[in-house]
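First up is the structure itself, then whatever we jot down about it.
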Amino acid sequence: MTLDQLPIGKTATIVSVGGEGMLRCRLLDMGVIPRTKVTIKKIAPLGDPIEIYLRGYELTLRIEDAKNIEVRPEGGSDK
């Protein structure tokens with residue numbers, strides 16, 4: 001599953017970070033790296049952007065960027 005599909009309040013572990021070029025580098029620089037736990041905190045009223053919590057801080061991502069981040073929900077499989 002990708003990060004944009006994770007429900008509010010649920011926690012998952014990042015499996016991989018896709019994307020290309022500067023976007024991928026920027027995500028990695030912000031701490032969005034494999035084996036990091038991430039929680040969905042808020043979703044904007046129209047669905048974009050989403051606010052996530054990881055590594056002790058909150059980060060806001062566009063849905064298009066979140067679609068490049070593969071996650072595995074806690075206590076479940078990656079599907």
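Here, A, B, ... name the chains of the structure tokens in the order displayed, residue numbers run from 1 inside each chain, and ligands are numbered from 1 in the same displayed order.
The residue set within 9 Å of Pro49 of chain A, counting only C-alpha atoms and dropping same-chain residues fewer than 6 places from it, reads Lys42, Ile43, Thr60, Leu61, Arg62, Ile63 and Glu64 of chain A.
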(request) Identify all residues of chain A in strand (DSSP E) (DSSP on the backbone) and supply them as a PyMOL selection string. (result) chain A and resi 11-17+37-43+50-54+57-61+69-73
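Candidate residues A:Leu46, A:Val71, A:Val38, A:Met22 were compared for distance to Ile8 of chain A, and the nearest is A:Val38, using only C-alpha atoms.
Checking A:Gly18, A:Gly47, A:Gly9, A:Gly31 one by one against Asn68 of chain A, counting only C-alpha atoms, you find the shortest gap at A:Gly18.
Distance annotation: of A:Gly21, A:Pro34, A:Pro73, A:Pro7, the residue with the minimal separation from Glu51 of chain A is A:Pro7; atom set is only C-alpha atoms.
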(request) Please provide as a list in words all residues within 7 Å of Ile52 of chain A, with the sequence filter that same-chain residues fewer than 6 positions apart are discarded (counting only C-alpha atoms). (result) Val38, Thr39, Ile40, Lys41, Glu58, Leu59 and Thr60 of chain A
(message) If you run DSSP on the backbone here, which positions in chain A get helix (DSSP H, G or I)? Please write them as a PyMOL selection string.
(response) chain A and resi 3-5+21-29+63-66
(message) Under the rule that only C-alpha atoms are counted, which of A:Ile69, A:Tyr57, A:Glu74, A:Leu28 is the nearest residue to Leu3 of chain A?
(response) A:Ile69
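Pairwise distance (atom CA of Glu20 of chain A, atom CA of Met1 of chain A) equals 19.0 Å.
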(message) Give me, as number ranges by chain, all polymer residues having an atom no more than 12 Å from Glu70 of chain A, counting only C-alpha atoms and skipping those fewer than 2 positions away in the same chain.
(response) A: 1-6, 12-19, 32-38, 65-68, 72-73, 78-79
